>>> print(open('data.cif').read())   # mmCIF, C-alpha atoms and all ligand atoms
data_work
loop_
_atom_site.label_atom_id
_atom_site.label_comp_id
_atom_site.auth_asym_id
_atom_site.auth_seq_id
_atom_site.Cartn_x
_atom_site.Cartn_y
_atom_site.Cartn_z
CA MET A 95 -2.88 -10.76 -29.67
CA LYS A 96 -2.75 -13.94 -27.57
CA ASN A 97 -3.77 -12.19 -24.36
CA ASP A 98 -5.58 -8.85 -24.72
CA ILE A 99 -7.38 -9.00 -21.36
CA PHE A 100 -5.50 -5.94 -20.10
CA LEU A 101 -6.60 -3.86 -23.11
CA ARG A 102 -10.17 -5.08 -22.79
CA ALA A 103 -10.25 -4.18 -19.09
CA LEU A 104 -8.99 -0.70 -19.99
CA LYS A 105 -11.99 -0.33 -22.30
CA ARG A 106 -14.32 -1.78 -19.65
CA GLN A 107 -15.23 -4.72 -21.86
CA PRO A 108 -16.04 -8.17 -20.45
CA VAL A 109 -13.01 -10.29 -19.47
CA PRO A 110 -12.77 -13.74 -17.84
CA TYR A 111 -10.61 -12.58 -14.89
CA THR A 112 -8.94 -9.43 -13.53
CA PRO A 113 -5.68 -8.74 -15.38
CA VAL A 114 -2.56 -7.99 -13.34
CA TRP A 115 0.82 -6.35 -13.84
CA LEU A 116 3.04 -4.56 -11.29
CA MET A 117 4.64 -1.15 -11.38
CA ARG A 118 8.44 -1.68 -11.56
CA GLN A 119 7.87 -5.31 -12.46
CA ALA A 120 11.23 -5.28 -14.24
CA GLY A 121 13.66 -4.26 -11.54
CA ARG A 122 16.03 -4.97 -8.72
CA TYR A 123 13.90 -7.55 -6.86
CA LEU A 124 14.79 -9.92 -9.74
CA PRO A 125 18.30 -11.41 -9.67
CA GLU A 126 18.26 -11.68 -13.48
CA TYR A 127 17.64 -7.92 -13.69
CA LYS A 128 20.61 -7.25 -11.42
CA ALA A 129 22.77 -9.45 -13.63
CA THR A 130 21.80 -7.57 -16.82
CA ARG A 131 22.20 -4.24 -15.01
CA ALA A 132 25.74 -5.26 -13.95
CA ARG A 133 26.57 -6.28 -17.52
CA ALA A 134 25.29 -2.88 -18.78
CA GLY A 135 27.45 -1.01 -16.25
CA SER A 136 24.90 1.71 -15.54
CA PHE A 137 21.17 2.24 -15.53
CA MET A 138 21.35 4.63 -18.49
CA ALA A 139 23.49 2.22 -20.54
CA LEU A 140 20.85 -0.43 -19.88
CA ALA A 141 17.97 1.85 -20.84
CA GLN A 142 19.79 3.12 -23.94
CA SER A 143 20.40 -0.33 -25.36
CA PRO A 144 17.24 -1.57 -27.10
CA GLU A 145 18.51 -5.17 -26.85
CA MET A 146 19.10 -5.03 -23.10
CA ALA A 147 15.92 -2.99 -22.48
CA THR A 148 14.01 -5.72 -24.34
CA GLU A 149 15.69 -8.41 -22.31
CA VAL A 150 14.77 -6.87 -18.94
CA THR A 151 11.23 -5.96 -20.06
CA LEU A 152 10.62 -9.63 -20.78
CA GLN A 153 12.30 -11.04 -17.66
CA PRO A 154 9.25 -10.73 -15.37
CA LEU A 155 7.05 -12.32 -18.07
CA GLU A 156 9.24 -15.43 -18.07
CA ARG A 157 8.62 -15.88 -14.35
CA PHE A 158 5.09 -14.62 -13.84
CA ASP A 159 1.79 -14.83 -15.65
CA PHE A 160 1.45 -11.05 -16.02
CA ASP A 161 -1.15 -9.66 -18.41
CA ALA A 162 0.94 -6.69 -19.62
CA ALA A 163 4.54 -5.69 -20.24
CA ILE A 164 5.85 -2.18 -19.51
CA LEU A 165 8.64 -0.56 -21.49
CA PHE A 166 11.89 -0.62 -19.56
CA SER A 167 12.99 3.00 -19.34
CA ASP A 168 12.59 5.88 -16.91
CA ILE A 169 10.55 9.05 -16.54
CA LEU A 170 13.80 11.03 -16.41
CA THR A 171 14.88 10.33 -19.99
CA ILE A 172 13.14 13.59 -20.98
CA PRO A 173 15.20 15.97 -18.82
CA ASP A 174 18.28 13.98 -19.78
CA ALA A 175 17.47 14.71 -23.46
CA MET A 176 17.07 18.38 -22.49
CA GLY A 177 20.72 18.36 -21.47
CA LEU A 178 20.47 18.18 -17.67
CA GLY A 179 22.86 15.20 -17.47
CA LEU A 180 21.18 12.27 -15.72
CA SER A 181 22.97 9.54 -13.80
CA PHE A 182 21.87 6.97 -11.24
CA VAL A 183 24.26 6.56 -8.36
CA GLN A 184 23.84 3.11 -6.86
CA GLY A 185 21.86 3.32 -3.63
CA GLU A 186 21.21 7.05 -4.03
CA GLY A 187 18.76 7.29 -6.92
CA PRO A 188 18.76 9.78 -9.78
CA LYS A 189 21.13 12.77 -9.96
CA PHE A 190 21.29 15.62 -12.46
CA GLU A 191 24.52 17.46 -13.26
CA LYS A 192 22.52 20.67 -13.66
CA SER A 193 19.38 21.62 -11.78
CA LEU A 194 16.99 24.32 -12.93
CA ARG A 195 16.89 27.06 -10.35
CA HIS A 196 17.89 30.28 -12.10
CA GLU A 197 15.73 32.35 -14.38
CA ASP A 198 18.21 32.25 -17.29
CA ASP A 199 18.42 28.45 -17.20
CA VAL A 200 14.64 28.12 -17.01
CA LYS A 201 14.09 30.48 -19.92
CA ALA A 202 16.65 28.62 -22.03
CA LEU A 203 14.74 25.34 -21.65
CA THR A 204 13.19 24.06 -24.89
CA VAL A 205 11.62 20.90 -26.30
CA PRO A 206 14.56 18.63 -27.17
CA ASP A 207 15.16 17.06 -30.56
CA MET A 208 13.32 13.72 -30.44
CA HIS A 209 16.35 12.06 -32.04
CA ARG A 210 17.91 12.16 -28.60
CA LEU A 211 15.15 9.83 -27.43
CA GLN A 212 15.29 7.54 -30.44
CA TYR A 213 16.69 4.76 -28.22
CA VAL A 214 13.34 4.70 -26.36
CA PHE A 215 11.32 4.33 -29.57
CA ASP A 216 13.75 1.68 -30.82
CA ALA A 217 13.28 -0.22 -27.55
CA VAL A 218 9.48 0.00 -27.89
CA ALA A 219 9.64 -1.39 -31.42
CA MET A 220 11.99 -4.21 -30.46
CA ILE A 221 10.00 -5.17 -27.34
CA ARG A 222 6.76 -5.20 -29.30
CA LYS A 223 8.30 -7.44 -31.94
CA THR A 224 9.81 -9.79 -29.36
CA LEU A 225 6.55 -10.01 -27.41
CA ASP A 226 4.94 -11.26 -30.62
CA GLY A 227 1.43 -10.61 -29.28
CA ARG A 228 1.95 -12.43 -25.97
CA VAL A 229 0.64 -9.52 -23.88
CA PRO A 230 0.14 -5.81 -24.62
CA LEU A 231 2.98 -3.31 -24.19
CA ILE A 232 2.57 -0.21 -22.01
CA GLY A 233 4.53 2.95 -22.84
CA PHE A 234 4.89 5.72 -20.27
CA ALA A 235 6.16 9.13 -19.23
CA GLY A 236 6.30 11.09 -16.00
CA SER A 237 3.78 13.86 -15.42
CA PRO A 238 5.13 17.31 -16.28
CA PHE A 239 4.99 18.21 -12.58
CA THR A 240 6.76 15.09 -11.29
CA VAL A 241 9.51 15.44 -13.89
CA ALA A 242 9.86 19.14 -12.95
CA CYS A 243 10.40 18.10 -9.31
CA TYR A 244 13.54 16.20 -10.32
CA MET A 245 14.69 18.93 -12.73
CA ILE A 246 14.48 21.64 -10.09
CA GLU A 247 15.60 19.64 -7.04
CA GLY A 248 18.31 17.86 -9.07
CA GLN A 249 17.60 14.59 -7.21
CA SER A 250 14.98 12.88 -5.04
CA THR A 251 13.74 14.99 -2.14
CA ARG A 252 11.60 14.78 0.98
CA GLU A 253 10.86 18.48 1.30
CA TYR A 254 10.42 19.75 -2.28
CA ARG A 255 12.06 22.92 -1.09
CA TYR A 256 13.29 24.33 -4.40
CA ILE A 257 10.25 23.52 -6.50
CA LYS A 258 7.89 24.85 -3.84
CA THR A 259 9.97 27.99 -3.48
CA MET A 260 9.63 28.54 -7.24
CA MET A 261 5.92 27.75 -7.09
CA TYR A 262 5.26 30.43 -4.51
CA ALA A 263 7.86 33.01 -5.51
CA ARG A 264 8.02 32.66 -9.31
CA PRO A 265 5.04 30.65 -10.56
CA ASP A 266 5.71 32.02 -14.08
CA LEU A 267 9.03 30.16 -14.19
CA LEU A 268 7.47 26.93 -13.00
CA HIS A 269 4.71 27.25 -15.60
CA HIS A 270 7.34 27.68 -18.29
CA ILE A 271 9.07 24.45 -17.25
CA LEU A 272 5.73 22.63 -17.06
CA GLU A 273 4.74 23.83 -20.51
CA VAL A 274 8.02 22.67 -22.07
CA ASN A 275 7.71 19.32 -20.27
CA THR A 276 4.13 18.97 -21.51
CA GLN A 277 4.95 19.69 -25.15
CA THR A 278 7.88 17.28 -24.95
CA THR A 279 5.78 14.56 -23.29
CA ILE A 280 3.07 14.85 -25.94
CA VAL A 281 5.55 14.20 -28.78
CA TYR A 282 7.34 11.54 -26.71
CA LEU A 283 4.15 9.55 -26.03
CA LYS A 284 2.96 9.91 -29.62
CA GLU A 285 6.27 8.50 -30.84
CA GLN A 286 6.03 5.60 -28.36
CA ILE A 287 2.55 4.83 -29.70
CA ARG A 288 3.78 5.01 -33.29
CA ALA A 289 6.63 2.64 -32.36
CA GLY A 290 4.16 0.11 -30.92
CA ALA A 291 3.02 1.02 -27.39
CA GLN A 292 -0.58 -0.23 -26.99
CA ALA A 293 -1.47 1.83 -23.90
CA VAL A 294 0.29 4.72 -22.18
CA MET A 295 0.58 5.61 -18.52
CA VAL A 296 1.48 8.99 -17.00
CA PHE A 297 3.23 8.66 -13.62
CA ASP A 298 2.47 11.62 -11.37
CA SER A 299 4.41 10.28 -8.42
CA TRP A 300 4.62 13.57 -6.53
CA GLY A 301 1.42 15.47 -7.41
CA GLY A 302 -0.02 14.17 -4.13
CA MET A 303 2.15 16.53 -2.09
CA LEU A 304 0.48 19.63 -3.52
CA ALA A 305 -2.16 21.84 -1.89
CA ASP A 306 -5.64 21.38 -3.30
CA HIS A 307 -5.74 24.31 -5.74
CA HIS A 308 -2.07 23.85 -6.64
CA TYR A 309 -2.68 20.26 -7.71
CA GLN A 310 -5.21 21.42 -10.29
CA THR A 311 -3.01 24.32 -11.51
CA PHE A 312 0.44 22.74 -11.55
CA SER A 313 -0.21 19.06 -12.17
CA LEU A 314 -3.72 18.17 -13.36
CA ALA A 315 -3.99 20.98 -15.95
CA TYR A 316 -0.85 19.76 -17.71
CA MET A 317 -1.91 16.11 -17.67
CA GLN A 318 -5.19 17.31 -19.19
CA LYS A 319 -3.25 18.88 -22.06
CA ILE A 320 -1.53 15.55 -22.68
CA VAL A 321 -4.84 13.65 -22.75
CA ASP A 322 -6.37 16.26 -25.09
CA ALA A 323 -3.38 16.19 -27.46
CA LEU A 324 -3.35 12.39 -27.72
CA ARG A 325 -7.10 12.32 -28.28
CA ALA A 326 -6.77 14.90 -31.06
CA ASP A 327 -4.22 12.81 -32.98
CA PRO A 328 -5.85 10.32 -35.37
CA GLU A 329 -2.99 7.84 -34.84
CA CYS A 330 -3.22 7.98 -31.03
CA LYS A 331 -6.81 8.68 -30.17
CA GLU A 332 -7.75 5.01 -29.65
CA THR A 333 -4.76 4.24 -27.41
CA PRO A 334 -5.87 3.88 -23.79
CA ILE A 335 -4.41 6.39 -21.33
CA ILE A 336 -3.83 5.64 -17.64
CA LEU A 337 -3.23 8.55 -15.23
CA PHE A 338 -1.69 7.86 -11.84
CA THR A 339 -1.29 10.52 -9.18
CA LYS A 340 0.21 8.86 -6.13
CA GLY A 341 -1.62 10.24 -3.09
CA GLY A 342 -4.28 11.58 -5.49
CA GLY A 343 -7.30 9.95 -3.84
CA LEU A 344 -8.87 13.35 -3.12
CA TRP A 345 -8.91 14.24 -6.82
CA ILE A 346 -10.30 11.05 -8.33
CA ASP A 347 -13.40 12.77 -9.70
CA GLU A 348 -11.37 15.47 -11.41
CA LEU A 349 -8.92 12.92 -12.81
CA ALA A 350 -11.79 10.82 -14.16
CA GLN A 351 -13.13 13.85 -16.00
CA THR A 352 -9.96 14.37 -18.03
CA GLY A 353 -11.10 11.85 -20.62
CA CYS A 354 -8.50 9.24 -19.65
CA ASP A 355 -9.45 5.54 -19.73
CA ALA A 356 -8.05 4.47 -16.38
CA LEU A 357 -6.83 5.80 -13.06
CA GLY A 358 -4.06 4.30 -11.01
CA VAL A 359 -4.91 4.47 -7.31
CA ASP A 360 -2.68 3.89 -4.31
CA TRP A 361 -3.58 1.91 -1.18
CA THR A 362 -5.03 4.89 0.70
CA VAL A 363 -8.07 4.61 -1.57
CA ASN A 364 -10.94 2.15 -1.05
CA LEU A 365 -11.79 0.68 -4.46
CA SER A 366 -15.49 0.33 -3.73
CA LYS A 367 -15.79 3.99 -2.72
CA ALA A 368 -13.59 5.14 -5.61
CA ARG A 369 -15.73 3.17 -8.01
CA ALA A 370 -18.89 4.79 -6.71
CA ARG A 371 -17.29 8.21 -7.20
CA VAL A 372 -16.19 7.64 -10.80
CA GLN A 373 -19.43 5.78 -11.67
CA ASP A 374 -17.53 3.24 -13.78
CA ARG A 375 -16.57 6.00 -16.23
CA VAL A 376 -12.93 4.88 -15.94
CA THR A 377 -11.14 1.63 -15.14
CA LEU A 378 -9.37 1.56 -11.77
CA GLN A 379 -5.84 0.19 -11.52
CA GLY A 380 -4.42 -0.83 -8.16
CA ASN A 381 -4.08 -0.88 -5.27
CA LEU A 382 -2.14 -3.25 -2.99
CA ASP A 383 0.39 -1.65 -0.63
CA PRO A 384 3.78 -2.89 -1.93
CA MET A 385 4.81 -3.48 1.69
CA ALA A 386 2.13 -6.18 1.97
CA LEU A 387 4.46 -8.37 -0.09
CA PHE A 388 6.79 -8.69 2.91
CA ALA A 389 4.22 -10.84 4.71
CA ASP A 390 3.78 -14.58 4.21
CA GLU A 391 1.93 -16.12 1.31
CA GLU A 392 -1.38 -16.60 3.12
CA ALA A 393 -1.43 -12.94 4.23
CA VAL A 394 -0.68 -11.78 0.68
CA ARG A 395 -3.43 -13.95 -0.78
CA LYS A 396 -5.86 -12.57 1.81
CA GLU A 397 -5.01 -8.95 0.93
CA VAL A 398 -5.46 -9.73 -2.77
CA ARG A 399 -8.91 -11.19 -2.07
CA ARG A 400 -9.87 -8.17 0.01
CA ILE A 401 -9.04 -5.80 -2.87
CA ILE A 402 -10.93 -7.92 -5.41
CA ASP A 403 -13.92 -8.08 -3.02
CA ASP A 404 -13.73 -4.30 -2.55
CA PHE A 405 -14.04 -3.75 -6.28
CA GLY A 406 -16.89 -6.28 -6.38
CA THR A 407 -18.82 -7.54 -9.39
CA VAL A 408 -17.05 -6.02 -12.35
CA GLY A 409 -20.12 -5.58 -14.56
CA ALA A 410 -19.81 -2.37 -16.56
CA GLY A 411 -16.65 -1.33 -14.70
CA GLY A 412 -13.03 -2.18 -15.20
CA HIS A 413 -10.36 -3.30 -12.74
CA ILE A 414 -6.69 -3.96 -13.36
CA PHE A 415 -4.87 -5.38 -10.39
CA ASN A 416 -1.60 -3.65 -9.51
CA LEU A 417 0.29 -2.32 -6.51
CA GLY A 418 -0.35 1.20 -5.23
CA HIS A 419 3.27 2.09 -6.09
CA GLY A 420 6.38 0.33 -7.42
CA ILE A 421 7.43 -3.07 -6.09
CA SER A 422 10.22 -2.83 -3.51
CA GLN A 423 13.68 -4.10 -4.43
CA PHE A 424 13.59 -6.18 -1.21
CA THR A 425 10.57 -8.25 -2.31
CA ASN A 426 11.00 -12.01 -2.58
CA PRO A 427 10.05 -12.83 -6.19
CA GLU A 428 8.32 -16.06 -5.10
CA ILE A 429 5.56 -14.12 -3.39
CA VAL A 430 4.68 -12.50 -6.73
CA THR A 431 3.79 -15.93 -8.11
CA ALA A 432 1.23 -16.32 -5.31
CA LEU A 433 -0.13 -12.81 -5.92
CA VAL A 434 -0.71 -13.39 -9.64
CA ASP A 435 -2.23 -16.80 -9.00
CA GLU A 436 -4.65 -15.41 -6.42
CA VAL A 437 -5.71 -12.49 -8.65
CA HIS A 438 -6.46 -14.74 -11.61
CA ARG A 439 -8.10 -17.53 -9.60
CA TYR A 440 -10.17 -15.53 -7.13
CA SER A 441 -11.33 -12.77 -9.49
CA ALA A 442 -13.00 -15.13 -12.01
CA GLN A 443 -16.20 -15.34 -9.92
CA TYR A 444 -16.72 -11.58 -10.40
CA HIS A 445 -16.47 -11.81 -14.18
CA GLN A 446 -19.25 -14.21 -15.23
CA ALA A 447 -20.01 -11.97 -18.19
CA GLY A 448 -16.53 -12.51 -19.62
CA ASN A 449 -16.65 -16.31 -19.82
O1 LIG B 501 9.18 -2.11 -14.71
C1 LIG B 501 8.80 -0.93 -14.85
O2 LIG B 501 7.91 -0.40 -14.16
C2 LIG B 501 9.35 -0.12 -16.01
C3 LIG B 501 10.44 0.71 -15.77
C4 LIG B 501 10.38 1.97 -14.90
C5 LIG B 501 11.52 2.43 -14.20
N1 LIG B 501 11.23 3.65 -13.67
C6 LIG B 501 12.81 1.71 -14.13
C7 LIG B 501 13.75 2.02 -13.04
C8 LIG B 501 9.37 2.91 -14.71
C9 LIG B 501 7.91 2.90 -15.18
C10 LIG B 501 9.93 3.97 -13.93
C11 LIG B 501 9.19 5.19 -13.56
C12 LIG B 501 9.78 6.13 -12.60
N2 LIG B 501 11.10 6.50 -12.45
C13 LIG B 501 9.02 6.90 -11.68
C14 LIG B 501 7.52 6.90 -11.57
C15 LIG B 501 7.01 5.75 -10.79
C16 LIG B 501 7.30 5.81 -9.31
O3 LIG B 501 8.00 4.90 -8.85
O4 LIG B 501 6.83 6.75 -8.66
C17 LIG B 501 9.93 7.70 -10.95
C18 LIG B 501 9.57 8.68 -9.84
C19 LIG B 501 11.23 7.45 -11.46
C20 LIG B 501 12.50 8.10 -11.05
C21 LIG B 501 13.47 7.12 -10.53
N3 LIG B 501 14.10 6.17 -11.29
C22 LIG B 501 13.96 6.97 -9.20
C23 LIG B 501 13.51 7.83 -8.03
C24 LIG B 501 14.88 5.94 -9.20
C25 LIG B 501 15.76 5.45 -8.06
C26 LIG B 501 15.03 4.89 -6.93
C27 LIG B 501 14.42 3.55 -7.20
O5 LIG B 501 13.21 3.39 -6.92
O6 LIG B 501 15.10 2.65 -7.64
C28 LIG B 501 14.93 5.41 -10.52
C29 LIG B 501 15.77 4.29 -11.00
C30 LIG B 501 15.08 3.15 -11.64
N4 LIG B 501 14.16 3.28 -12.64
C31 LIG B 501 15.30 1.76 -11.38
C32 LIG B 501 14.46 1.06 -12.25
C33 LIG B 501 14.36 -0.44 -12.41
C34 LIG B 501 16.31 1.18 -10.39
C35 LIG B 501 17.66 1.69 -10.67
C36 LIG B 501 18.76 0.72 -10.92
O7 LIG B 501 18.61 -0.34 -11.53
O8 LIG B 501 19.86 1.12 -10.52
#
>>> encode(input="data.cif", output="structure tokens")
Amino acid sequence: MKNDIFLRALKRQPVPYTPVWLMRQAGRYLPEYKATRARAGSFMALAQSPEMATEVTLQPLERFDFDAAILFSDILTIPDAMGLGLSFVQGEGPKFEKSLRHEDDVKALTVPDMHRLQYVFDAVAMIRKTLDGRVPLIGFAGSPFTVACYMIEGQSTREYRYIKTMMYARPDLLHHILEVNTQTTIVYLKEQIRAGAQAVMVFDSWGGMLADHHYQTFSLAYMQKIVDALRADPECKETPIILFTKGGGLWIDELAQTGCDALGVDWTVNLSKARARVQDRVTLQGNLDPMALFADEEAVRKEVRRIIDDFGTVGAGGHIFNLGHGISQFTNPEIVTALVDEVHRYSAQYHQAGN
């Protein structure tokens, strides 16, 4: 491994500077991504070709000095493998041919044959080989709850009307979907690790819209099962796990107790206060507002410094710099160069122990 700073920060070991990568770092803000995407014809064709998935995973690393690569894929590959028929309509986001609203459809849902997701594991293996130890590779999945949102709504939503209706009216049906998603995600992440993923991240993008007791019941409990299952597998137990509930600042303590290695936090969280709450038991990953990248370079550098100052002397803790959510497609790539430079340069003073 030429650069293992990201993995060391996940284990809260000394490092010379704060590592950085960005959620959605391979994506539409990069003209080279758009070119490959056009060549592929559709998002799914791109994701299903290990060669093209490798190409776009490495694109941001050619431009920026990132400390990690993330598998190019999507959290919705799982429901697609379950037969719900995923497509991405340009400008409209994901769409499923079938959405899960009726009891018979819900009860018929089962863990899909992993062969249907072989393209993901092939992409992991090819990316890992192509990276040749440059930086570590992150595998990922959606949280069972977030994936269920798309399966039940059939697309992105502002109201969560159908999933919340099911939650209140037929919680048994929702629990069935969540259980199938969880069992699928466990096998899916294990296979990614076997194929070469060196850390895994669970994206709970929509858990933050749940009521306090519902979050624990419908999202956290299922992420806990994933952590427990990976920890119980001799081949996976050493692989660091990052949990990220967007809007999950209220539940940081509970998330830290799952046994994960790191927590993604969005920009509503103050890193100094979050750190005091988790007592350095987990690494914190975040948390710049992606919209900050629309300001000029000096303003971006200042925000980066503020976040690094908030975390403070790293000591026994761990910090991985990231955004609080995915980078916007309207971001000017040049500003990302300044962000990475500022993180690496300014953070060094807080890492004396790592020199
Ligand atoms: O670079 C990376 O971060 C790796 C690839 C990655 C993608 N999606 C590629 C993608 C990752 C980690 C994801 C996760 C994902 N997908 C999440 C969780 C993270 C988050 O943002 O909350 C969610 C909710 C999805 C579902 C999804 N996929 C939506 C809602 C959309 C459309 C809207 C959008 O933001 O673009 C996608 C499509 C998608 N997934 C794109 C990319 C690069 C853009 C689509 C395109 O190229 O047409």
>>> residues_near_ligand(input="data.cif", ligand="ligand LIG 501 (chain B)", cutoff="8 Å", atoms="only C-alpha atoms and all ligand atoms", output="PyMOL selection string")
chain A and resi 116-122+127-128+131+136-137+151+164-170+182-188+234-236+240-241+249-250+297-300+340+419-420+422-423
>>> atom_distance(input="data.cif", atom1="atom CA of Trp361 of chain A", atom2="atom CA of Arg395 of chain A")
15.9 Å
>>> closest_residue(input="data.cif", among="A:Asp327, A:Asp360, A:Glu428, A:Asp98", to="Asp161 of chain A", atoms="all atoms listed in the file")
A:Asp98
>>> closest_atom_pairs(input="data.cif", of="segment 249-353 of chain A", to="segment 211-221 of chain A", cutoff="6 Å", atoms="all atoms listed in the file", output="Markdown table")
| residue | atom | partner | partner_atom | distance |
| --- | --- | --- | --- | --- |
| A:Gln286 | CA | A:Phe215 | CA | 5.6 |
| A:Ala289 | CA | A:Ala219 | CA | 5.1 |
| A:Gly290 | CA | A:Ala219 | CA | 5.7 |
>>> closest_residue(input="data.cif", among="A:Ile336, A:Leu194, A:Leu283, A:Val363", to="Lys105 of chain A", atoms="all atoms listed in the file")
A:Ile336
>>> atom_distance(input="data.cif", atom1="atom CA of Glu436 of chain A", atom2="atom CA of Thr362 of chain A")
21.5 Å
>>> residues_near_point(input="data.cif", point="(-5.4, 9.0, -16.5)", cutoff="12 Å", atoms="all atoms listed in the file", output="PyMOL selection string")
chain A and resi 104+234-237+293-298+314+316-322+324+333-340+342+345-359+375-379
>>> closest_residue(input="data.cif", among="A:Thr251, A:Asn275, A:Gln292, A:Thr148", to="Lys189 of chain A", atoms="only C-alpha atoms")
A:Thr251
>>> atom_distance(input="data.cif", atom1="atom CA of Pro110 of chain A", atom2="atom CA of Pro230 of chain A")
16.6 Å
>>> closest_residue(input="data.cif", among="A:Met245, A:Met208, A:Val372, A:Ala202", to="Leu180 of chain A", atoms="all atoms listed in the file")
A:Met245
>>> residues_around(input="data.cif", residues="Arg195 of chain A", least_positions_apart="5", cutoff="9 Å", atoms="only C-alpha atoms", output="VMD selection string")
chain A and resid 200 245 to 247 256 to 257 260
>>> residues_around(input="data.cif", residues="Glu392 of chain A", least_positions_apart="6", cutoff="12 Å", atoms="only C-alpha atoms", output="short mmCIF file (atom, residue, chain, number, x, y, z; two decimals) with C-alpha atoms, in the coordinates of the input")
data_model
loop_
_atom_site.label_atom_id
_atom_site.label_comp_id
_atom_site.auth_asym_id
_atom_site.auth_seq_id
_atom_site.Cartn_x
_atom_site.Cartn_y
_atom_site.Cartn_z
CA ALA A 386 2.13 -6.18 1.97
CA VAL A 398 -5.46 -9.73 -2.77
CA ARG A 399 -8.91 -11.19 -2.07
CA ILE A 429 5.56 -14.12 -3.39
CA ALA A 432 1.23 -16.32 -5.31
CA LEU A 433 -0.13 -12.81 -5.92
CA GLU A 436 -4.65 -15.41 -6.42
#
>>> closest_residue(input="data.cif", among="A:Val114, A:Val109, A:Ala368, A:Val394", to="Phe415 of chain A", atoms="all atoms listed in the file")
A:Val114
>>> closest_residue(input="data.cif", among="A:Thr278, A:Asn416, A:Thr311, A:Thr259", to="Asp207 of chain A", atoms="all atoms listed in the file")
A:Thr278
>>> residues_around(input="data.cif", residues="Ile99 of chain A", least_positions_apart="6", cutoff="12 Å", atoms="only C-alpha atoms", output="list in words")
Lys105, Arg106, Gln107, Pro108, Val109, Pro110, Tyr111, Thr112, Pro113, Val114, Trp115, Phe160, Asp161, Ala162, Gly227, Arg228, Val229, Pro230, Gly412, His413, Ile414, Phe415, His438, His445, Gly448 and Asn449 of chain A
>>> axis_aligned_box(input="data.cif", around="segment 317-333 of chain A", padding_each_side="3 Å", output="JSON")
{"center_x": -4.6, "center_y": 11.6, "center_z": -26.5, "size_x": 12.2, "size_y": 20.6, "size_z": 23.7}
>>> residues_near_point(input="data.cif", point="(8.3, -9.1, 0.1)", cutoff="6 Å", atoms="only C-alpha atoms", output="PyMOL selection string")
chain A and resi 387-388+425-426
>>> build_atoms(input="data.cif", residues="segment 335-344 of chain A", atoms="N, CA, C and O atoms", output="compact mmCIF listing (two decimals), keeping the file's coordinate frame")
# COMPACT_ATOMS: atom_id res chain seq x y z
N ILE A 335 -5.29 5.56 -22.16
CA ILE A 335 -4.41 6.39 -21.33
C ILE A 335 -4.73 6.12 -19.86
O ILE A 335 -5.89 6.19 -19.45
N ILE A 336 -3.68 5.84 -19.08
CA ILE A 336 -3.83 5.64 -17.64
C ILE A 336 -3.15 6.82 -16.93
O ILE A 336 -1.98 7.11 -17.22
N LEU A 337 -3.85 7.48 -16.04
CA LEU A 337 -3.23 8.55 -15.23
C LEU A 337 -3.08 8.04 -13.81
O LEU A 337 -4.00 7.42 -13.26
N PHE A 338 -1.93 8.31 -13.22
CA PHE A 338 -1.69 7.86 -11.84
C PHE A 338 -1.06 8.99 -11.02
O PHE A 338 0.11 9.31 -11.21
N THR A 339 -1.86 9.59 -10.15
CA THR A 339 -1.29 10.52 -9.18
C THR A 339 -1.18 9.79 -7.86
O THR A 339 -2.20 9.43 -7.26
N LYS A 340 0.04 9.51 -7.42
CA LYS A 340 0.21 8.86 -6.13
C LYS A 340 -0.26 9.84 -5.05
O LYS A 340 0.08 11.01 -5.08
N GLY A 341 -1.07 9.34 -4.12
CA GLY A 341 -1.62 10.24 -3.09
C GLY A 341 -2.71 11.13 -3.65
O GLY A 341 -3.05 12.16 -3.07
N GLY A 342 -3.29 10.74 -4.79
CA GLY A 342 -4.28 11.58 -5.49
C GLY A 342 -5.72 11.20 -5.19
O GLY A 342 -6.62 11.62 -5.93
N GLY A 343 -5.95 10.44 -4.13
CA GLY A 343 -7.30 9.95 -3.84
C GLY A 343 -8.34 11.07 -3.74
O GLY A 343 -9.50 10.87 -4.09
N LEU A 344 -7.92 12.23 -3.28
CA LEU A 344 -8.87 13.35 -3.12
C LEU A 344 -9.36 13.88 -4.45
O LEU A 344 -10.36 14.57 -4.51
